[in-house]
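Okay, final18.txt now, which holds compact mmCIF, C-alpha atoms:
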# COMPACT_ATOMS: atom_id res chain seq x y z
CA MET A 4 136.74 129.94 -84.02
CA SER A 5 134.86 126.65 -83.99
CA ASP A 6 133.57 127.12 -87.52
CA ALA A 7 136.97 128.13 -88.77
CA LEU A 8 138.65 124.99 -87.46
CA ALA A 9 135.97 122.66 -88.74
CA ARG A 10 136.28 124.37 -92.10
CA VAL A 11 140.07 124.12 -92.12
CA SER A 12 139.88 120.36 -91.83
CA GLU A 13 137.17 120.24 -94.51
CA TRP A 14 139.10 122.41 -96.94
CA MET A 15 142.45 120.79 -96.33
CA LEU A 16 142.24 117.96 -98.82
CA PRO A 17 140.74 119.85 -101.79
CA LEU A 18 143.13 122.74 -101.24
CA VAL A 19 146.22 120.57 -100.98
CA VAL A 20 145.32 118.58 -104.09
CA SER A 21 144.45 121.61 -106.18
CA SER A 22 147.53 123.54 -105.13
CA ILE A 23 149.73 120.58 -106.06
CA LEU A 24 148.03 120.51 -109.46
CA VAL A 25 148.55 124.26 -109.94
CA VAL A 26 152.21 124.09 -108.95
CA GLY A 27 152.64 121.08 -111.24
CA ALA A 28 151.10 122.98 -114.15
CA TRP A 29 153.32 125.97 -113.37
CA GLN A 30 156.40 123.72 -113.50
CA ARG A 31 155.14 122.29 -116.83
CA VAL A 32 154.67 118.78 -115.49
CA PRO A 33 152.46 116.71 -117.83
CA LEU A 34 149.73 116.47 -115.19
CA TYR A 35 147.45 113.71 -116.38
CA GLN A 36 150.18 111.36 -117.52
CA THR A 37 152.20 111.86 -114.33
CA PHE A 38 149.14 111.26 -112.18
CA VAL A 39 148.32 108.02 -113.97
CA GLN A 40 151.92 106.84 -113.68
CA GLY A 41 151.94 107.42 -109.94
CA ALA A 42 148.45 106.06 -109.33
CA LYS A 43 149.35 102.80 -111.06
CA GLY A 44 151.21 101.76 -107.91
CA GLY A 45 148.12 102.21 -105.74
CA PHE A 46 146.60 98.89 -106.66
CA SER A 47 149.67 96.83 -105.88
CA THR A 48 150.30 98.74 -102.65
CA ALA A 49 146.77 98.03 -101.43
CA VAL A 50 146.88 94.40 -102.56
CA ARG A 51 150.25 93.89 -100.87
CA LEU A 52 148.59 94.99 -97.63
CA ILE A 53 145.91 92.26 -97.83
CA PRO A 54 147.81 89.31 -96.30
CA HIS A 55 149.12 91.48 -93.46
CA LEU A 56 145.73 92.92 -92.64
CA VAL A 57 143.99 89.54 -92.89
CA ALA A 58 146.47 88.05 -90.42
CA MET A 59 146.13 90.91 -87.98
CA MET A 60 142.37 91.39 -88.31
CA VAL A 61 141.81 87.71 -87.57
CA ALA A 62 144.00 87.80 -84.47
CA VAL A 63 142.45 91.04 -83.22
CA SER A 64 138.91 89.75 -83.89
CA VAL A 65 139.64 86.62 -81.86
CA PHE A 66 141.18 88.71 -79.10
CA ARG A 67 138.14 90.99 -79.02
CA ALA A 68 135.35 88.41 -79.43
CA SER A 69 136.70 86.13 -76.72
CA GLY A 70 136.57 88.87 -74.09
CA ALA A 71 140.36 88.89 -73.64
CA MET A 72 140.40 92.52 -74.81
CA ASP A 73 137.93 93.56 -72.13
CA GLY A 74 140.04 91.75 -69.55
CA LEU A 75 143.19 93.58 -70.62
CA ILE A 76 141.41 96.93 -70.62
CA HIS A 77 140.05 96.24 -67.18
CA LEU A 78 143.54 95.37 -65.97
CA LEU A 79 145.21 98.47 -67.42
CA ASN A 80 142.46 100.90 -66.50
CA PRO A 81 143.81 102.22 -63.16
CA VAL A 82 147.23 103.22 -64.53
CA LEU A 83 145.82 104.70 -67.72
CA THR A 84 143.13 106.74 -66.01
CA TRP A 85 145.92 108.40 -64.11
CA LEU A 86 147.65 109.25 -67.42
CA HIS A 87 144.32 110.37 -68.97
CA VAL A 88 144.66 107.75 -71.68
CA PRO A 89 141.44 105.83 -72.45
CA ALA A 90 142.08 102.12 -71.85
CA GLU A 91 140.48 101.14 -75.17
CA VAL A 92 143.45 102.54 -77.12
CA ALA A 93 146.07 100.89 -74.88
CA PRO A 94 146.55 97.81 -77.12
CA MET A 95 147.15 100.21 -80.03
CA GLY A 96 149.73 102.16 -78.08
CA ILE A 97 151.57 98.97 -77.18
CA LEU A 98 151.50 97.57 -80.71
CA ARG A 99 152.19 100.80 -82.65
CA PRO A 100 156.01 100.69 -82.32
CA ILE A 101 156.12 96.93 -82.97
CA THR A 102 153.69 96.31 -85.81
CA GLY A 103 151.95 99.01 -87.81
CA GLN A 104 149.44 96.54 -89.24
CA GLY A 105 148.58 95.26 -85.77
CA SER A 106 147.76 98.71 -84.44
CA LEU A 107 145.90 99.47 -87.67
CA ALA A 108 143.70 96.43 -87.04
CA PHE A 109 142.95 97.70 -83.54
CA MET A 110 142.14 101.15 -84.93
CA ILE A 111 139.64 99.57 -87.33
CA ASP A 112 138.20 97.63 -84.42
CA ILE A 113 137.62 100.92 -82.59
CA PHE A 114 136.02 102.43 -85.74
CA GLN A 115 133.64 99.47 -85.89
CA LYS A 116 132.68 99.72 -82.27
CA HIS A 117 132.68 103.45 -81.56
CA GLY A 118 132.73 105.13 -84.98
CA PRO A 119 135.56 107.16 -86.54
CA ASP A 120 134.21 110.52 -85.35
CA SER A 121 133.89 109.53 -81.71
CA HIS A 122 136.50 110.75 -79.27
CA LEU A 123 138.07 107.27 -79.24
CA GLY A 124 137.92 107.04 -83.02
CA LEU A 125 139.73 110.33 -83.48
CA LEU A 126 142.29 109.43 -80.85
CA ALA A 127 142.96 106.04 -82.46
CA SER A 128 143.34 107.73 -85.88
CA THR A 129 145.80 110.24 -84.45
CA MET A 130 147.85 107.58 -82.67
CA GLN A 131 148.06 105.51 -85.83
CA ALA A 132 149.05 108.46 -87.99
CA SER A 133 151.41 110.40 -85.74
CA SER A 134 154.11 107.79 -85.23
CA ASP A 135 155.92 105.14 -87.22
CA THR A 136 156.77 101.50 -86.57
CA THR A 137 159.96 102.03 -84.57
CA LEU A 138 161.17 98.43 -84.53
CA TYR A 139 160.63 98.02 -88.27
CA ILE A 140 162.51 101.23 -89.06
CA LEU A 141 165.42 100.32 -86.77
CA THR A 142 165.70 96.84 -88.26
CA VAL A 143 165.54 97.97 -91.86
CA TYR A 144 167.76 101.04 -91.56
CA PHE A 145 170.48 99.50 -89.42
CA GLY A 146 170.19 96.15 -91.18
CA SER A 147 170.82 97.75 -94.57
CA VAL A 148 174.33 98.86 -93.55
CA GLY A 149 175.16 95.94 -91.28
CA ILE A 150 175.08 97.73 -87.93
CA TYR A 151 174.19 95.56 -84.98
CA ARG A 152 175.09 97.84 -82.07
CA PHE A 153 172.19 100.28 -81.93
CA ARG A 154 173.47 102.19 -78.87
CA TYR A 155 170.63 104.34 -77.53
CA ALA A 156 168.54 104.43 -80.74
CA LEU A 157 165.96 101.92 -79.49
CA ALA A 158 165.51 103.73 -76.19
CA VAL A 159 165.01 107.04 -78.00
CA GLY A 160 162.48 105.48 -80.38
CA LEU A 161 160.40 103.80 -77.71
CA LEU A 162 160.46 106.78 -75.34
CA SER A 163 159.30 109.10 -78.09
CA ASP A 164 156.57 106.60 -79.03
CA PHE A 165 155.33 106.86 -75.48
CA VAL A 166 155.38 110.65 -75.70
CA SER A 167 153.50 110.40 -79.01
CA VAL A 168 150.66 108.54 -77.30
CA LEU A 169 150.35 111.23 -74.65
CA ALA A 170 150.72 113.91 -77.33
CA SER A 171 147.86 112.30 -79.31
CA VAL A 172 145.61 112.43 -76.27
CA PHE A 173 146.56 116.08 -75.79
CA ALA A 174 146.09 116.97 -79.47
CA VAL A 175 142.64 115.37 -79.68
CA TRP A 176 141.60 117.09 -76.47
CA LEU A 177 142.89 120.42 -77.78
CA ILE A 178 141.41 120.24 -81.29
CA SER A 179 138.06 118.69 -80.43
CA GLY A 180 137.69 121.23 -77.62
CA MET A 181 138.30 124.01 -80.11
CA ILE A 182 135.87 122.62 -82.67
CA GLN A 183 133.06 122.13 -80.19
CA VAL A 184 133.35 125.35 -78.17
CA MET B 10 158.77 89.57 -82.20
CA ILE B 11 155.84 89.77 -84.59
CA ASP B 12 155.45 86.00 -84.42
CA PHE B 13 155.12 86.25 -80.68
CA ILE B 14 152.51 89.03 -80.79
CA TRP B 15 150.42 87.25 -83.37
CA LEU B 16 150.52 84.02 -81.42
CA ALA B 17 149.81 85.78 -78.13
CA LEU B 18 146.72 87.56 -79.49
CA PHE B 19 145.41 84.31 -80.90
CA ILE B 20 146.16 82.00 -78.01
CA SER B 21 145.09 84.40 -75.27
CA GLY B 22 141.85 84.91 -77.20
CA VAL B 23 141.12 81.21 -77.57
CA ALA B 24 142.12 80.51 -73.97
CA THR B 25 139.84 83.27 -72.70
CA ALA B 26 137.03 81.91 -74.83
CA MET B 27 137.43 78.52 -73.12
CA VAL B 28 136.81 80.22 -69.79
CA THR B 29 134.10 82.66 -70.88
CA GLY B 30 132.32 80.14 -73.07
CA ARG B 31 132.43 82.41 -76.11
CA MET B 32 133.90 79.85 -78.51
CA GLN B 33 130.96 80.27 -80.88
CA MET B 34 131.66 84.00 -81.23
CA VAL B 35 135.40 83.45 -81.63
CA SER B 36 134.78 80.90 -84.32
CA SER B 37 132.75 83.34 -86.40
CA ALA B 38 135.17 86.17 -85.58
CA ILE B 39 138.00 84.28 -87.28
CA LEU B 40 136.23 84.22 -90.62
CA LYS B 41 134.77 87.71 -90.26
CA GLY B 42 138.20 89.10 -89.45
CA ALA B 43 139.71 87.58 -92.57
CA GLU B 44 136.88 88.92 -94.68
CA SER B 45 137.12 92.46 -93.33
CA GLY B 46 140.90 92.44 -93.89
CA VAL B 47 140.32 91.92 -97.60
CA ASP B 48 137.34 94.30 -97.82
CA LEU B 49 139.30 97.10 -96.23
CA CYS B 50 142.28 96.72 -98.54
CA ILE B 51 140.08 96.67 -101.62
CA GLY B 52 138.33 99.79 -100.33
CA LEU B 53 141.69 101.49 -99.87
CA ILE B 54 142.75 101.11 -103.50
CA GLY B 55 140.98 104.28 -104.62
CA ALA B 56 142.39 106.60 -101.99
CA ILE B 57 145.90 105.18 -102.18
CA SER B 58 145.96 105.44 -105.98
CA LEU B 59 144.67 109.01 -105.82
CA TRP B 60 147.32 110.02 -103.35
CA MET B 61 150.18 108.28 -105.09
CA GLY B 62 149.15 109.97 -108.34
CA VAL B 63 148.95 113.41 -106.77
CA MET B 64 152.25 112.99 -104.95
CA HIS B 65 153.91 111.84 -108.14
CA ILE B 66 152.96 115.21 -109.63
CA ALA B 67 154.31 116.99 -106.54
CA GLU B 68 157.58 115.10 -106.82
CA ARG B 69 157.92 115.90 -110.52
CA ALA B 70 157.18 119.54 -109.79
CA GLY B 71 160.24 119.57 -107.55
CA ALA B 72 158.53 119.59 -104.14
CA VAL B 73 161.16 117.35 -102.55
CA ALA B 74 164.05 119.41 -103.87
CA TRP B 75 162.35 122.65 -102.84
CA LEU B 76 161.65 121.44 -99.33
CA ALA B 77 165.17 120.06 -98.99
CA GLN B 78 166.51 123.53 -99.76
CA LYS B 79 164.28 125.03 -97.04
CA LEU B 80 165.30 122.40 -94.49
CA LYS B 81 169.04 122.83 -95.02
CA PRO B 82 169.70 125.15 -92.05
CA VAL B 83 167.67 122.88 -89.75
CA ALA B 84 169.53 119.77 -90.89
CA ARG B 85 172.92 121.40 -90.33
CA ARG B 86 172.05 121.99 -86.70
CA LEU B 87 170.58 118.52 -86.26
CA PHE B 88 173.56 116.76 -87.80
CA PRO B 89 176.65 118.68 -86.66
CA SER B 90 178.91 115.69 -87.37
CA VAL B 91 178.01 115.58 -91.08
CA PRO B 92 179.90 117.99 -93.38
CA PRO B 93 177.33 120.28 -95.08
CA ASP B 94 178.36 119.38 -98.63
CA HIS B 95 178.83 115.63 -98.09
CA PRO B 96 176.40 113.46 -100.11
CA ALA B 97 175.05 112.15 -96.78
CA MET B 98 173.56 115.59 -96.09
CA GLY B 99 171.74 115.56 -99.41
CA ALA B 100 170.27 112.12 -98.75
CA ILE B 101 169.23 113.12 -95.20
CA LEU B 102 167.48 116.23 -96.57
CA ALA B 103 165.67 114.23 -99.24
CA ASN B 104 164.56 111.68 -96.64
CA MET B 105 163.29 114.41 -94.30
CA SER B 106 161.39 116.12 -97.12
CA ALA B 107 159.75 112.92 -98.35
CA ASN B 108 158.70 112.09 -94.79
CA LEU B 109 157.22 115.51 -94.30
CA LEU B 110 155.27 115.28 -97.56
CA GLY B 111 153.98 111.87 -96.55
CA ILE B 112 155.55 110.03 -99.48
CA GLY B 113 156.29 107.01 -97.31
CA ASN B 114 157.44 104.67 -100.03
CA ALA B 115 159.85 107.30 -101.32
CA ALA B 116 161.13 108.13 -97.85
CA THR B 117 162.45 104.65 -97.06
CA PRO B 118 164.81 104.25 -100.05
CA LEU B 119 166.06 107.81 -99.48
CA GLY B 120 166.62 107.01 -95.81
CA LEU B 121 168.57 103.87 -96.70
CA LYS B 122 170.68 105.93 -99.09
CA ALA B 123 171.38 108.34 -96.22
CA MET B 124 172.41 105.42 -93.98
CA GLU B 125 174.78 104.18 -96.67
CA GLU B 126 176.43 107.60 -96.92
CA LEU B 127 176.57 107.98 -93.13
CA GLN B 128 178.24 104.60 -92.90
CA LYS B 129 181.12 106.00 -94.99
CA LEU B 130 181.64 108.64 -92.29
CA ASN B 131 181.37 106.08 -89.51
CA SER B 132 184.61 105.07 -87.82
CA HIS B 133 183.11 101.94 -86.17
CA PRO B 134 181.20 100.14 -88.95
CA ASP B 135 179.32 97.80 -86.58
CA THR B 136 178.16 100.57 -84.24
CA ALA B 137 175.58 103.28 -84.89
CA SER B 138 177.06 106.76 -85.20
CA ASP B 139 175.56 109.88 -83.59
CA ALA B 140 174.17 111.08 -86.90
CA MET B 141 172.57 107.70 -87.59
CA CYS B 142 170.79 107.77 -84.25
CA THR B 143 169.45 111.24 -84.99
CA LEU B 144 168.27 110.14 -88.43
CA LEU B 145 166.41 107.20 -86.91
CA ALA B 146 164.90 109.39 -84.19
CA LEU B 147 163.53 111.63 -86.94
CA ASN B 148 162.21 108.69 -88.93
CA THR B 149 160.49 106.80 -86.12
CA ALA B 150 158.59 109.89 -84.98
CA SER B 151 158.24 111.66 -88.29
CA ILE B 152 156.10 114.77 -88.61
CA THR B 153 153.15 113.87 -90.79
CA LEU B 154 151.22 116.40 -92.84
CA ILE B 155 148.69 114.12 -94.54
CA PRO B 156 148.04 110.63 -93.13
CA THR B 157 146.48 109.12 -96.25
CA THR B 158 145.76 105.57 -95.13
CA VAL B 159 144.05 106.68 -91.94
CA ILE B 160 141.95 109.28 -93.81
CA ALA B 161 140.92 106.64 -96.36
CA LEU B 162 139.89 104.21 -93.61
CA ARG B 163 137.90 106.93 -91.85
CA MET B 164 136.03 107.53 -95.10
CA GLN B 165 135.21 103.84 -95.35
CA TYR B 166 133.60 104.02 -91.93
CA HIS B 167 131.47 107.02 -93.05
CA SER B 168 133.25 109.66 -91.04
CA ALA B 169 131.62 113.11 -91.29
CA HIS B 170 135.07 114.74 -90.99
CA PRO B 171 137.61 112.28 -92.40
CA SER B 172 140.39 114.86 -92.51
CA ALA B 173 139.82 116.11 -88.95
CA VAL B 174 142.74 113.83 -88.17
CA VAL B 175 145.12 116.07 -90.14
CA LEU B 176 145.21 118.74 -87.44
CA THR B 177 145.48 116.38 -84.49
CA THR B 178 148.16 114.35 -86.25
CA PHE B 179 150.20 117.42 -87.03
CA VAL B 180 150.13 118.58 -83.41
CA ALA B 181 150.83 115.11 -81.99
CA SER B 182 153.64 114.26 -84.41
CA LEU B 183 155.25 117.67 -83.91
CA ILE B 184 155.36 117.07 -80.16
CA GLY B 185 156.57 113.49 -80.75
CA THR B 186 159.38 114.63 -83.04
CA CYS B 187 160.53 117.34 -80.61
CA ALA B 188 160.55 114.72 -77.86
CA ALA B 189 162.53 112.30 -80.05
CA LEU B 190 165.14 114.95 -80.80
CA ALA B 191 165.37 115.93 -77.14
CA PHE B 192 165.83 112.29 -76.07
CA ASP B 193 168.42 111.86 -78.81
CA ARG B 194 170.39 114.88 -77.57
CA PHE B 195 170.17 113.71 -73.98
CA PHE B 196 171.33 110.15 -74.66
CA ARG B 197 174.06 111.36 -76.99
CA ALA B 198 175.49 113.63 -74.30
CA LEU B 199 175.21 110.81 -71.80
CA SER B 200 177.09 108.32 -73.98
CA HIS B 201 179.83 110.84 -74.76
CA ARG B 202 180.33 111.53 -71.10
CA ARG B 203 180.58 107.83 -70.43
CA GLN B 204 183.14 107.45 -73.21
CA ALA B 205 185.26 110.31 -71.89
CA ARG B 206 185.70 108.63 -68.55
For the structure just supplied, provide its representation as structure tokens.
Amino acid sequence: MSDALARVSEWMLPLVVSSILVVGAWQRVPLYQTFVQGAKGGFSTAVRLIPHLVAMMVAVSVFRASGAMDGLIHLLNPVLTWLHVPAEVAPMGILRPITGQGSLAFMIDIFQKHGPDSHLGLLASTMQASSDTTLYILTVYFGSVGIYRFRYALAVGLLSDFVSVLASVFAVWLISGMIQV
Amino acid sequence: MIDFIWLALFISGVATAMVTGRMQMVSSAILKGAESGVDLCIGLIGAISLWMGVMHIAERAGAVAWLAQKLKPVARRLFPSVPPDHPAMGAILANMSANLLGIGNAATPLGLKAMEELQKLNSHPDTASDAMCTLLALNTASITLIPTTVIALRMQYHSAHPSAVVLTTFVASLIGTCAALAFDRFFRALSHRRQAR
């Protein structure tokens, strides 16, 4: 069981990529040329991220180095222990629906301090990946068609973000338990 | 909102440093933070390019269209107010498929197209319709199969199992999406009841 799960996550990427290539070949897609066309956008996407990540990494570094982060964690600890959420990921959970780059910077901070394979590292990765930036999506989607009365959409988004945090804790507990046992 | 958060992180940090006497560390953290922001993005170029290239092949091979076909019965139940052969349904299906495949930058334009079509069905053009709220619920808590950016960052920090996050993300986002749809249903029923009164 444990071996199987560890192997599934190891095999995932190579299998997904090769099956996409096989299906592409089957559908007579010019593989190499199509790949290069798509990959061209990778550079600009990454470069476009630079100013955002610089801004957020600086703010998060200041927040961490000053000791303000430890203070916040200390403050939130009692409530979060009750919810079984480690306090270290609380700033991520708060920022995730508001700014994706902000929570990404906190995730990187956790990687630097605890490592990506630690329990916290895996939890931070899952939280970052399993939800989207609710406020951004609402603004862009509703803004594009000129709607300014959102009704209950914001409440639904934020409530499900909260559930996503708890679900991440549960998922990491479930999967890492399975891999270790 | 984002202005406020950025300012708050900065100011609360500097203010705390005044009390804790860690100004020296904060001062070097500012420059280190900026540097690591750039380093990380440069390190991401490879993985992002790889994934965008691979997904371009998947798109060309008809993955989005294929998945949209499979999702049709689900979408009909999720969006009862949208006629099954209206162009809005097609755009919703394409948006759902792109989200599921993790083609984020394709999902947004498709989602905006869906909003545009839904707006044509909307009787109050300044107010969100039921279908729009459901579409947004799906998009804010989208099920993710392959979180590329996170995997790439894990690799940069020498993770032994960078894709371990695939399984946990799938479980967590599945639960999150079910919750979003349940909340959506609940609030929709609530608002209709209020309107009926």
For this session: Enumerate, as a PyMOL selection string, the protein, DNA and RNA residues whose atoms approach (162.1, 105.9, -86.7) to within 8 Å, taking into account all atoms listed in the file and the coordinate frame of the file.
Result: (chain A and resi 135-138+140-141+160) or (chain B and resi 144-151)
Exercise. Which residue out of B:Val83, B:Pro96, B:Gly71, B:Ile152 has the minimum interatomic distance to Lys129 (chain B) when all atoms listed in the file are used?
Worked result: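 Between B:Val83, B:Pro96, B:Gly71, B:Ile152, the residue approaching Lys129 (chain B) most closely is B:Pro96.
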Problem set entry | Selection near region 86-102 of chain A, 9 Å with all atoms listed in the file, sequence-local residues under 5 positions removed, as an MDAnalysis selection string | (chainID A and resid 72:73 75:77 79:81 107:110 113 123 126:127 130:131 134:139 160:161 164:165 168:169 172) or (chainID B and resid 10:11 14 149)
For this session: Enter the distance from CA of Leu56 (chain A) to CA of Leu16 (chain B), in Å, rounded to one decimal.
Result: 15.1 Å
For this session: Kindly give the distance, in Å, that separates CA of Leu162 (chain B) and CA of Gly52 (chain B), rounded to a single decimal.
Result: 8.2 Å
Exercise. Closest to chain A among B:Ala205, B:Ile155, B:Leu76, B:Ala137, using all atoms listed in the file?
Worked result: B:Ala137
For this session: Please measure the separation of CA of Cys142 (chain B) and CA of Val91 (chain B), giving the value in Å to one decimal.
Result: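 Rounded to one decimal, the two atoms are 12.6 Å apart.
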Problem set entry | Within 7 Å of Ser64 (chain A) using only C-alpha atoms, minus same-chain residues under 4 positions, as a list in words |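 Once the nearby chain positions are removed, what remains is Met60 and Ala68 of chain A; Ala38, Ile39 and Gly42 of chain B.
Residues within 9 Å of Ser138 (chain B), counting all atoms listed in the file and excluding same-chain residues fewer than 4 positions away, are Phe153 and Arg154 of chain A; Leu127, Gln128, Leu130, Asn131, Ser132, His133, Pro134, Cys142 and Thr143 of chain B.
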Could you turn the residues from that selection into a file that holds C-alpha atoms, as a PDB file, in the frame of the given file?
ATOM      1  CA  PHE A 153     172.190 100.280 -81.930  1.00  0.00           C
ATOM      2  CA  ARG A 154     173.470 102.190 -78.870  1.00  0.00           C
TER       3      ARG A 154
ATOM      4  CA  LEU B 127     176.570 107.980 -93.130  1.00  0.00           C
ATOM      5  CA  GLN B 128     178.240 104.600 -92.900  1.00  0.00           C
ATOM      6  CA  LEU B 130     181.640 108.640 -92.290  1.00  0.00           C
ATOM      7  CA  ASN B 131     181.370 106.080 -89.510  1.00  0.00           C
ATOM      8  CA  SER B 132     184.610 105.070 -87.820  1.00  0.00           C
ATOM      9  CA  HIS B 133     183.110 101.940 -86.170  1.00  0.00           C
ATOM     10  CA  PRO B 134     181.200 100.140 -88.950  1.00  0.00           C
ATOM     11  CA  CYS B 142     170.790 107.770 -84.250  1.00  0.00           C
ATOM     12  CA  THR B 143     169.450 111.240 -84.990  1.00  0.00           C
TER      13      THR B 143
END
Problem set entry | Shell around Lys41 (chain B) at 10 Å using all atoms listed in the file, local window under 2 positions removed, as a PyMOL selection string | (chain A and resi 57+60-61+64-65) or (chain B and resi 35-39+43-46)
Problem set entry | Counting all atoms listed in the file, the residue of A:Met15, A:Ala174, A:Ile111, A:Ala158 that sits nearest Arg163 (chain B) |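 With all atoms listed in the file as the atom set, the closest residue is A:Ile111.
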Leaving out Phe173 (chain A) and any residue of its chain fewer than 5 positions from it, which residues lie within 9 Å of it when counting all atoms listed in the file, given as a PDB file with C-alpha atoms, in the frame of the given file?
ATOM      1  CA  VAL A 168     150.660 108.540 -77.300  1.00  0.00           C
ATOM      2  CA  ILE A 178     141.410 120.240 -81.290  1.00  0.00           C
TER       3      ILE A 178
ATOM      4  CA  THR B 177     145.480 116.380 -84.490  1.00  0.00           C
ATOM      5  CA  VAL B 180     150.130 118.580 -83.410  1.00  0.00           C
ATOM      6  CA  ALA B 181     150.830 115.110 -81.990  1.00  0.00           C
TER       7      ALA B 181
END
Problem set entry | Proximity to Thr48 (chain A) - best of B:Leu110, B:Ile54, B:Met27, B:Val174, only C-alpha atoms | B:Ile54
Exercise. For chain B, which residue out of A:Gly180, A:Ser69, A:Ser21, A:Gln36 is the nearest one, using only C-alpha atoms?
Worked result: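 Checking each candidate against chain B, we get A:Ser69 as the closest.
Candidate residues A:Trp14, A:Leu157, A:Ser106, A:Gly27 were compared for distance to chain B, and the nearest is A:Gly27, using all atoms listed in the file.
Near (150.1, 110.7, -103.5), the residues that fall inside 10 Å on the basis of all atoms listed in the file are A:Val20, A:Phe38, A:Gly41, A:Ala42, A:Gly45, B:Ala56, B:Ile57, B:Ser58, B:Leu59, B:Trp60, B:Met61, B:Gly62, B:Val63, B:Met64, B:His65, B:Ile66, B:Ala67, B:Glu68, B:Leu110, B:Gly111, B:Ile112, B:Gly113, B:Ile155, B:Thr157.
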